[in-house]
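Participant: Just one file: my_file.txt, with compact mmCIF, C-alpha atoms and all ligand atoms.
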```txt
# COMPACT_ATOMS: atom_id res chain seq x y z
CA MET C 230 75.41 41.14 176.01
CA ASP C 231 76.36 44.51 177.44
CA ALA C 232 78.63 46.72 175.37
CA LYS C 233 82.01 47.24 176.98
CA PRO C 234 82.80 50.76 178.25
CA ARG C 235 84.83 52.78 175.74
CA LEU C 236 88.15 53.33 177.50
CA VAL C 237 91.33 55.24 176.72
CA ASP C 238 94.73 54.58 178.29
CA SER C 239 96.34 58.02 178.10
CA HIS C 240 99.83 56.81 179.08
CA ALA C 241 101.50 53.43 178.55
CA HIS C 242 105.19 52.60 178.10
CA LEU C 243 104.67 49.78 175.63
CA ASP C 244 108.21 50.43 174.39
CA MET C 245 109.69 48.91 177.55
CA PRO C 246 111.55 45.58 177.41
CA GLU C 247 108.87 44.15 179.73
CA PHE C 248 106.66 43.99 176.61
CA ASP C 249 109.24 42.49 174.23
CA PRO C 250 107.72 39.00 174.45
CA ASP C 251 104.11 40.00 173.70
CA ARG C 252 103.81 43.66 172.63
CA ALA C 253 101.15 43.13 169.94
CA GLU C 254 99.18 40.64 172.03
CA THR C 255 99.14 43.18 174.86
CA VAL C 256 97.53 45.73 172.55
CA ARG C 257 95.02 43.12 171.34
CA ARG C 258 94.04 42.27 174.92
CA ALA C 259 93.42 45.99 175.52
CA LEU C 260 91.30 46.30 172.38
CA ASP C 261 89.29 43.25 173.48
CA ALA C 262 88.74 44.93 176.86
CA GLY C 263 87.19 47.99 175.18
CA VAL C 264 90.28 50.26 175.07
CA VAL C 265 89.94 52.38 171.93
CA ALA C 266 93.18 54.40 172.18
CA ILE C 267 96.56 54.14 173.92
CA LEU C 268 99.04 57.01 174.03
CA CYS C 269 102.63 55.74 174.09
CA PRO C 270 105.45 58.14 174.99
CA ALA C 271 108.74 57.06 173.41
CA ASP C 272 112.06 57.80 175.10
CA LEU C 273 114.30 59.67 172.63
CA THR C 274 117.45 58.64 174.48
CA ARG C 275 116.81 54.99 173.53
CA ALA C 276 116.58 54.15 169.81
CA ALA C 277 114.77 50.85 170.50
CA SER C 278 112.01 52.79 172.25
CA LEU C 279 110.93 54.84 169.24
CA ARG C 280 111.28 51.79 166.96
CA ALA C 281 108.94 49.74 169.14
CA ILE C 282 106.29 52.47 169.29
CA ALA C 283 106.55 53.25 165.55
CA ALA C 284 105.98 49.57 164.77
CA LEU C 285 102.87 49.56 166.96
CA THR C 286 101.43 52.68 165.30
CA GLN C 287 101.87 50.95 161.92
CA GLU C 288 99.97 47.90 163.07
CA PHE C 289 97.28 49.46 165.30
CA PRO C 290 95.35 52.68 164.54
CA ALA C 291 94.51 52.78 168.28
CA ILE C 292 98.15 53.54 169.18
CA LEU C 293 99.20 57.21 169.31
CA ALA C 294 102.88 58.02 169.59
CA ALA C 295 104.60 60.78 171.52
CA ALA C 296 108.32 61.36 171.99
CA GLY C 297 110.51 63.35 174.30
CA VAL C 298 113.31 63.30 176.82
CA HIS C 299 112.06 62.31 180.28
CA PRO C 300 113.24 64.31 183.31
CA HIS C 301 115.24 61.29 184.47
CA GLN C 302 117.36 61.58 181.29
CA ALA C 303 117.30 65.39 181.14
CA LYS C 304 121.07 65.65 181.63
CA ASP C 305 121.54 63.69 178.37
CA LEU C 306 119.40 66.00 176.21
CA THR C 307 121.32 67.30 173.19
CA PRO C 308 120.36 69.49 170.20
CA ASP C 309 120.19 66.20 168.23
CA HIS C 310 117.13 65.18 170.25
CA LEU C 311 115.39 68.43 169.34
CA ARG C 312 116.29 67.88 165.68
CA GLU C 313 114.88 64.37 165.91
CA LEU C 314 111.66 65.78 167.37
CA GLU C 315 111.50 68.20 164.46
CA GLY C 316 111.74 65.34 161.95
CA LEU C 317 109.10 63.31 163.78
CA ALA C 318 106.71 66.27 163.94
CA ALA C 319 107.27 67.07 160.25
CA ARG C 320 106.41 63.46 159.32
CA ARG C 321 103.42 63.59 161.67
CA ALA C 322 104.87 60.53 163.39
CA ILE C 323 104.07 61.93 166.84
CA ARG C 324 100.92 63.52 168.24
CA ALA C 325 102.53 65.07 171.32
CA VAL C 326 105.88 65.93 172.88
CA GLY C 327 106.54 63.87 175.98
CA GLU C 328 106.91 62.75 178.38
CA ILE C 329 108.78 65.77 179.62
CA GLY C 330 108.78 67.42 183.01
CA LEU C 331 110.36 67.53 186.44
CA ASP C 332 110.97 64.79 188.98
CA TYR C 333 112.35 66.08 192.29
CA HIS C 334 111.70 62.75 194.00
CA TYR C 335 114.25 60.63 192.15
CA ASP C 336 116.56 63.47 191.05
CA PHE C 337 118.25 61.22 188.43
CA SER C 338 119.21 64.45 186.63
CA PRO C 339 120.17 67.68 188.41
CA ALA C 340 117.14 69.95 188.91
CA GLU C 341 118.67 72.69 186.79
CA ALA C 342 119.22 70.28 183.86
CA GLN C 343 115.63 69.08 184.25
CA ARG C 344 114.27 72.61 184.08
CA ARG C 345 116.39 73.39 181.01
CA ALA C 346 115.26 70.21 179.21
CA LEU C 347 111.63 70.95 180.06
CA ARG C 348 111.85 74.55 178.85
CA SER C 349 113.54 73.66 175.55
CA GLN C 350 111.00 70.91 174.79
CA LEU C 351 108.07 73.16 175.73
CA ALA C 352 109.48 75.77 173.34
CA PHE C 353 109.77 73.11 170.63
CA ALA C 354 106.18 71.92 171.18
CA SER C 355 104.96 75.49 171.02
CA GLY C 356 106.61 76.03 167.66
CA ALA C 357 105.40 72.68 166.32
CA GLY C 358 101.84 73.25 167.50
CA LEU C 359 101.85 70.01 169.52
CA PRO C 360 100.44 69.34 172.99
CA VAL C 361 102.77 68.04 175.71
CA ILE C 362 102.67 65.15 178.17
CA LEU C 363 103.95 66.42 181.47
CA HIS C 364 105.48 64.40 184.30
CA SER C 365 105.55 66.17 187.66
CA ARG C 366 106.76 64.66 190.90
CA LEU C 367 107.04 67.04 193.89
CA ALA C 368 107.47 69.78 191.29
CA GLY C 369 104.03 71.35 190.71
CA ALA C 370 105.08 74.96 191.26
CA ASP C 371 108.09 74.67 188.93
CA ILE C 372 106.01 72.94 186.22
CA ILE C 373 103.57 75.85 186.29
CA ALA C 374 106.48 78.32 186.24
CA ALA C 375 107.95 76.59 183.15
CA VAL C 376 104.61 76.55 181.29
CA ASP C 377 104.10 80.24 182.11
CA GLY C 378 107.73 81.14 181.43
CA GLU C 379 107.51 79.67 177.92
CA ARG C 380 104.04 81.17 177.43
CA PHE C 381 103.04 77.64 176.41
CA ARG C 382 99.44 77.56 175.20
CA GLY C 383 99.32 74.17 173.44
CA GLY C 384 97.78 72.24 176.34
CA GLY C 385 98.20 68.54 176.89
CA ILE C 386 98.17 66.09 179.76
CA LEU C 387 99.51 66.27 183.29
CA HIS C 388 100.05 62.54 183.57
CA CYS C 389 100.07 60.17 186.56
CA PHE C 390 98.78 62.99 188.72
CA THR C 391 100.03 62.98 192.33
CA GLU C 392 100.35 66.70 193.06
CA ASP C 393 97.95 68.85 195.12
CA TRP C 394 94.67 70.58 194.33
CA ALA C 395 96.30 73.97 193.66
CA THR C 396 98.54 72.42 190.98
CA ALA C 397 95.64 70.55 189.38
CA ARG C 398 93.52 73.70 189.32
CA ALA C 399 96.35 75.83 187.89
CA MET C 400 97.02 73.33 185.10
CA VAL C 401 93.33 73.01 184.21
CA ASP C 402 93.21 76.81 184.04
CA ARG C 403 96.08 76.56 181.53
CA GLY C 404 94.12 74.19 179.31
CA PHE C 405 95.56 70.87 180.52
CA PHE C 406 93.89 67.55 181.18
CA VAL C 407 94.69 65.72 184.42
CA SER C 408 95.30 61.99 184.09
CA PHE C 409 94.96 59.55 186.97
CA SER C 410 96.89 56.26 187.16
CA GLY C 411 96.47 53.13 189.27
CA ILE C 412 97.67 55.18 192.25
CA LEU C 413 94.06 56.39 192.47
CA THR C 414 93.01 52.85 193.45
CA PHE C 415 95.53 52.48 196.30
CA PRO C 416 94.01 52.48 199.82
CA LYS C 417 96.22 55.38 200.98
CA SER C 418 95.27 57.71 198.10
CA GLY C 419 92.38 59.49 199.85
CA ALA C 420 93.74 62.98 199.18
CA LEU C 421 94.21 62.15 195.50
CA ARG C 422 90.63 60.88 195.25
CA GLU C 423 89.45 64.19 196.76
CA VAL C 424 91.22 66.10 193.98
CA ALA C 425 89.71 63.71 191.42
CA ALA C 426 86.24 64.38 192.84
CA ARG C 427 86.59 68.16 192.49
CA LEU C 428 88.08 68.57 189.01
CA PRO C 429 85.76 69.32 186.07
CA LEU C 430 84.65 66.09 184.37
CA ASP C 431 85.69 67.47 180.98
CA ARG C 432 89.34 67.69 182.14
CA LEU C 433 89.76 64.10 183.41
CA LEU C 434 91.69 61.21 181.87
CA VAL C 435 92.80 57.77 183.06
CA GLU C 436 95.99 55.87 182.31
CA THR C 437 97.95 52.81 183.36
CA ASP C 438 101.57 54.06 183.12
CA SER C 439 102.27 50.42 182.17
CA PRO C 440 104.33 48.44 182.99
CA TYR C 441 104.41 50.28 186.34
CA LEU C 442 101.77 51.00 188.97
CA ALA C 443 99.36 48.11 188.51
CA PRO C 444 95.99 49.14 189.97
CA VAL C 445 94.16 47.29 192.72
CA PRO C 446 93.33 44.32 192.44
CA TYR C 447 96.51 43.50 190.46
CA ARG C 448 98.77 45.53 192.70
CA GLY C 449 101.24 43.52 194.74
CA SER C 450 100.57 40.37 192.76
CA GLY C 451 103.90 40.95 191.03
CA ARG C 452 101.97 41.35 187.80
CA ARG C 453 103.11 43.65 185.07
CA ASN C 454 100.61 46.44 184.46
CA GLU C 455 99.07 46.64 180.97
CA PRO C 456 96.55 48.87 179.16
CA ALA C 457 93.67 46.38 179.58
CA PHE C 458 93.82 47.12 183.34
CA VAL C 459 92.90 50.81 182.85
CA VAL C 460 89.29 49.84 183.59
CA GLU C 461 90.20 49.41 187.28
CA THR C 462 91.29 53.04 187.60
CA ALA C 463 88.23 54.16 185.62
CA ARG C 464 86.05 52.15 188.03
CA VAL C 465 87.46 53.98 191.07
CA LEU C 466 87.22 57.36 189.33
CA ALA C 467 83.59 56.61 188.44
CA ALA C 468 82.83 55.75 192.09
CA VAL C 469 84.56 58.93 193.28
CA ARG C 470 82.45 60.96 190.84
CA GLY C 471 79.21 59.08 191.59
CA LEU C 472 78.86 58.06 187.95
CA PRO C 473 78.25 54.73 186.24
CA LEU C 474 81.49 53.32 184.84
CA GLU C 475 80.15 53.58 181.27
CA ASP C 476 79.50 57.32 181.64
CA LEU C 477 82.89 58.04 183.20
CA ALA C 478 84.67 55.97 180.55
CA GLU C 479 82.76 57.74 177.79
CA ALA C 480 83.60 61.16 179.25
CA THR C 481 87.33 60.39 179.40
CA ALA C 482 87.27 58.91 175.88
CA ARG C 483 85.57 62.10 174.66
CA ASN C 484 88.15 64.26 176.47
CA PHE C 485 90.97 62.34 174.83
CA ALA C 486 89.36 62.65 171.38
CA GLY C 487 89.09 66.38 171.93
CA LEU C 488 92.83 66.60 172.53
CA PHE C 489 93.71 64.17 169.71
CA PRO C 490 91.04 64.42 167.01
CA VAL C 491 91.09 61.57 164.48
ZN ZN A 501 105.89 59.99 184.12
ZN ZN A 502 105.51 57.65 181.87
```
How does the structure come out when it is put into structure tokens?
Facilitator:
Amino acid sequence: MDAKPRLVDSHAHLDMPEFDPDRAETVRRALDAGVVAILCPADLTRAASLRAIAALTQEFPAILAAAGVHPHQAKDLTPDHLRELEGLAARRAIRAVGEIGLDYHYDFSPAEAQRRALRSQLAFASGAGLPVILHSRLAGADIIAAVDGERFRGGGILHCFTEDWATARAMVDRGFFVSFSGILTFPKSGALREVAARLPLDRLLVETDSPYLAPVPYRGSGRRNEPAFVVETARVLAAVRGLPLEDLAEATARNFAGLFPV
């Protein structure tokens, strides 16, 4: 029997209530599908979120935890959140700060509050020596300005990439990995696939962003996305790169291991 490709899901919200009924089984299905690591960003503004992710990291060595205040909740960021991050980093309970960033599409928090929250968490990550998981929606230029403004050199992941080539290139130049979600599999994502074709192979990652953004062929079926489905995005990325799935999967797994050594 063929060995399964070694896959990594670089971004999954397994803390969400959508997974309350079967969180551990969801991880087991991913492991059975060949997923060797799943990075789970906890939402610091929700106590249940961190609890759920911490429980998973106890049970499964394949789960890596991150924590941060998402741009949607940026207006709620307090010094307590930064203190909590400090405690988590000191206990080595998190491997990254995130997700943090800017979302000018939804604008759930005022743009100025988003930029402040991003800058303060970048500064924290810098001091703690942790990479960051960045969320950027219609905000590429301001993300780059924040990274440069903080002189942030810790690298990390630009997750669920939907920005343009110039943003991708600039972030790679700053030591970041670019992670593609199920959006890469959507018929209308031609421009995104062009960016994916041009980036250096050693900077690429794939993710599900579960429970959102189920890739084709699950998209539109009303199905919840889950880490086992990351293979569908890897399949499209492999086709775009003209590589066998196994080689693409192995390259992204290696990239992830470089960022998060065991
Ligand atoms: Zn995000
Ligand atoms: Zn996310």
Participant: I want to know what sits within 6 Å of C:Asp272, based on all atoms listed in the file, with residues of the same chain fewer than 5 positions away left out; could you give that as a count of residues only?
Facilitator: 3
Participant: Find the residue from C:Leu351, C:Pro234, C:Glu247, C:Ala357 that sits nearest to C:Pro473; use all atoms listed in the file when measuring.
Facilitator: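 Looking at the shortest contact to C:Pro473, the residue is C:Pro234.
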Participant: Counting only C-alpha atoms and all ligand atoms, what are the residues of chain C within 7 Å of ligand ZN 502 (chain A), and for each of them which pair of atoms is the nearest and at what distance in Å, to one decimal? Sort the table by chain and rising number, as a Markdown table.
Facilitator:
```
| residue | atom | partner | partner_atom | distance |
| --- | --- | --- | --- | --- |
| C:His240 | CA | A:ZN502 | ZN | 6.4 |
| C:Ala241 | CA | A:ZN502 | ZN | 6.7 |
| C:His242 | CA | A:ZN502 | ZN | 6.3 |
| C:Pro270 | CA | A:ZN502 | ZN | 6.9 |
| C:Glu328 | CA | A:ZN502 | ZN | 6.3 |
| C:Asp438 | CA | A:ZN502 | ZN | 5.5 |
```
Participant: Save the residues we just selected, C-alpha atoms, as a PDB file, in the frame of the given file?
Facilitator:
```pdb
ATOM      1  CA  HIS C 240      99.830  56.810 179.080  1.00  0.00           C
ATOM      2  CA  ALA C 241     101.500  53.430 178.550  1.00  0.00           C
ATOM      3  CA  HIS C 242     105.190  52.600 178.100  1.00  0.00           C
ATOM      4  CA  PRO C 270     105.450  58.140 174.990  1.00  0.00           C
ATOM      5  CA  GLU C 328     106.910  62.750 178.380  1.00  0.00           C
ATOM      6  CA  ASP C 438     101.570  54.060 183.120  1.00  0.00           C
TER       7      ASP C 438
END
```
Participant: Identify the residues around (114.2, 74.9, 185.0) within a radius of 9 Å, measuring from all atoms listed in the file in the coordinates stated by the file, and give them as an MDAnalysis selection string.
Facilitator: chainID C and resid 331 340:348 371:372 374:375
Participant: May I ask you to write as a list in words all residues lying at most 7 Å from ligand ZN 501 (chain A), with all atoms listed in the file counted?
Facilitator: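 With all atoms listed in the file and a cut-off of 7 Å, ligand ZN 501 (chain A) is contacted by Glu328, His364, His388 and Cys389 of chain C.
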Participant: As an exercise, work out the distance from atom CA of C:Ala395 to atom CA of C:Pro360 in Å and give it to one decimal place.
Facilitator: 21.6 Å
Participant: Might you pull out every residue within 12 Å of C:Gly358, with all atoms listed in the file counted and same-chain residues fewer than 5 positions away left off, and present them as a list in words?
Facilitator: Glu315, Ala318, Ala319, Arg321, Ile323, Arg324, Ala325, Val326, Gln350, Leu351, Ala352, Phe353, Phe381, Arg382, Gly383, Gly384 and Gly385 of chain C
Participant: What separation in Å, quoted to one decimal, exists between atom CA of C:Ala480 and atom CA of C:Arg252?
Facilitator: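 Atom CA of C:Ala480 sits 27.5 Å away from atom CA of C:Arg252.
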Participant: By how many Å are atom CA of C:Arg312 and atom CA of C:Asp332 apart?
Facilitator: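 Interatomic distance here is 24.1 Å.
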Participant: Between C:Ser439, C:Val465, C:Leu472, C:Gly356, which has the minimum distance to C:Arg453 (counting only C-alpha atoms)?
Facilitator: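 Smallest distance to C:Arg453 is found for C:Ser439.
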Participant: When distances are computed from all atoms listed in the file, which of C:Gln302, C:Asn454, C:Thr396, C:Asn484 shows the smallest separation from C:Gly369?
Facilitator: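 For C:Gly369, the nearest of the given residues is C:Thr396.
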Participant: Could you tell me, as an NGL selection string, which residues have any atom at most 12 Å from (106.0, 57.1, 172.8), counting all atoms listed in the file?
Facilitator: :C and (239-245 or 267-286 or 292-299 or 314 or 317 or 322-329 or 361-362 or 438)
Participant: When you count all atoms listed in the file, which of these residues is closest to C:Ala486: C:Arg452, C:Arg320, C:Arg432, C:Lys233?
Facilitator: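 Nearest to C:Ala486: C:Arg432.
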